[in-house]
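Worksheet for the structure shown next.
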Amino acid sequence: MTRQHTTRWGWWVLALAVAALFCGFGFWQLQRMHDKQALLAQLPPGRDAAVTLAEAGRLPQTLHWVKDRLQFLPGTVLLDNQLRDGRAGVKVYQPARAQAGPVVLVDLGWLPLPGDRRMPALVPQQGQHDLEGLWAPAPSTGLALGPAMAATAQPDVWLATRIDLPAIGAQLGLGLDEPASRVLRLDPALSLGYTRDLELLPNTLPPSRHLGYAVQWFGLALAVLVIAGLLQWRRRRREARR
């Protein structure tokens with residue numbers, strides 16, 4: 001095989017690799033769309049159907065209203081890049097242990113960040129509390145780039161780019177290994193914590209946007225292959241004229 005043929009095959013391999021990468025992003029966006037459609041299709045359970053956290057862990061991975069007594073544990077996680085009413089801020093999470101044993105991450109609500117992004121001074125929750133809330137998926141992680149957590153100036157307070165329960169559990173020395181990445185979103189009527197709601201898809205894209213992004217990624221993959229084919233066709237025409 002001549003060097004010219006080797007180079008030609010090399011360009012095709014590169015084009016196919018790039019197209020495959022773009023298709024991978026497209027399928028990832030489609031999966032995000034299906035996951036969010038499935039979540040929105042669920043009807044939030046009524047408070048009269050509340051279960052304990054131990055019971056929720058044994059039930060199918062759907063939405064559950066939880067009522068349980070929990071002991072708050074040391075360590076606070078601030079989820080970065082959380083918008084509310086057009087303002088940038090963080091969501092505050094703290095681990096807690098249910099009476100039956102499981103350790104979960106509790107969503108305490110949202111706090112704004114100033115322009116200089118100075119982290120708010122926090123007073124962690126302590127002691128046991130009777131809590132109610134929605135046992136629901138954690139905020140979507142998107143593309144997992146870089147470390148999940150970074151230390152802040154305040155002891156035992158961590159800034160997170162995503163809710164990665166195994167990483168958070170390892171950093172805090174706790175068994176946060178819930179495979180479905182679920183958290184307890186506290187009832188907004190409870191007095192402890194900060195501003196919060198129970199929207200199913202807070203601070204995230206709707207399913208239709210994911211479909212649009214998927215179409216764009218597939219379109220880019222097709223464009224790469226078309227351009228590679230056109231370049232190959234033009235090269236062969238030039239060679240035929242010699």
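To be explicit about the labels: the chains of the structure tokens are called A, B, and onward in the order shown, and within each one the residues are counted from 1, while ligands get numbers from 1 in the order they are shown.
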Within range 102-208 of chain A, find each residue whose DSSP state, derived from the backbone, is strand (DSSP E), and express the selection as a PyMOL selection string. chain A and resi 103-112+128-137+149-151+157-160+182-186
Distance criterion (only C-alpha atoms): nearest to Gly127 in chain A out of A:Gln171, A:Gln99, A:Gln71, A:Thr161: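 Nearest candidate to Gly127 in chain A out of A:Gln171, A:Gln99, A:Gln71, A:Thr161: A:Gln71.
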Between A:Leu159, A:Ala136, A:Leu186, A:Ala50, single out the one closest to Gly89 in chain A, counting only C-alpha atoms.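 Closest to Gly89 in chain A, using only C-alpha atoms: A:Leu159.
Nearest to Gln154 in chain A of all the residues A:Val77, A:Leu83, A:Ala223, A:Ala49 is A:Val77, based on only C-alpha atoms.
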Go ahead and compute the interatomic distance for CA of Leu184 in chain A and CA of Pro147 in chain A, in Å to one decimal. 23.4 Å
With a distance cut-off of 12 Å and only C-alpha atoms, select the neighbouring residues of Gly212 in chain A, excluding the residue or stretch itself and same-chain residues fewer than 5 positions from it, and output the selection as an mmCIF file with C-alpha atoms, in the first residue's frame.
```
data_model
loop_
_atom_site.group_PDB
_atom_site.id
_atom_site.type_symbol
_atom_site.label_atom_id
_atom_site.label_comp_id
_atom_site.auth_asym_id
_atom_site.auth_seq_id
_atom_site.Cartn_x
_atom_site.Cartn_y
_atom_site.Cartn_z
ATOM 1 C CA GLY A 26 -26.479 12.583 20.318
ATOM 2 C CA PHE A 27 -27.500 9.290 21.940
ATOM 3 C CA GLN A 29 -28.929 13.653 24.745
ATOM 4 C CA LEU A 30 -31.680 11.242 23.671
ATOM 5 C CA ARG A 32 -31.451 12.500 28.908
ATOM 6 C CA MET A 33 -34.674 13.299 27.047
ATOM 7 C CA LEU A 205 -33.366 21.716 30.301
ATOM 8 C CA PRO A 206 -36.784 20.380 29.263
ATOM 9 C CA PRO A 207 -36.959 17.158 27.199
ATOM 10 C CA TRP A 217 -25.113 16.269 17.215
ATOM 11 C CA PHE A 218 -26.397 13.763 14.653
ATOM 12 C CA GLY A 219 -26.369 16.529 12.040
#
```
Neighbours of Ala100 in chain A within 12 Å (only C-alpha atoms; same-chain residues fewer than 4 positions away dropped), as a list in words? Thr52, Leu53, Ala54, Glu55, Ala56, Gly57, Asp68, Arg69, Leu70, Gln71, Ala96 and Val104 of chain A
Using CA of Arg196 in chain A and CA of Val123 in chain A as the two end points, give the distance in Å to one decimal.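 Interatomic distance, CA of Arg196 in chain A to CA of Val123 in chain A: 17.3 Å.
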Measure the distance from CA of Pro166 in chain A to CA of Asp80 in chain A in Å and round it to one decimal.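 Going from CA of Pro166 in chain A over to CA of Asp80 in chain A, I get 17.9 Å.
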9 Å contact set for range 14-21 of chain A, only C-alpha atoms, chain neighbours under 5 positions out, as a PyMOL selection string: chain A and resi 9+26+218+220-225+227-228
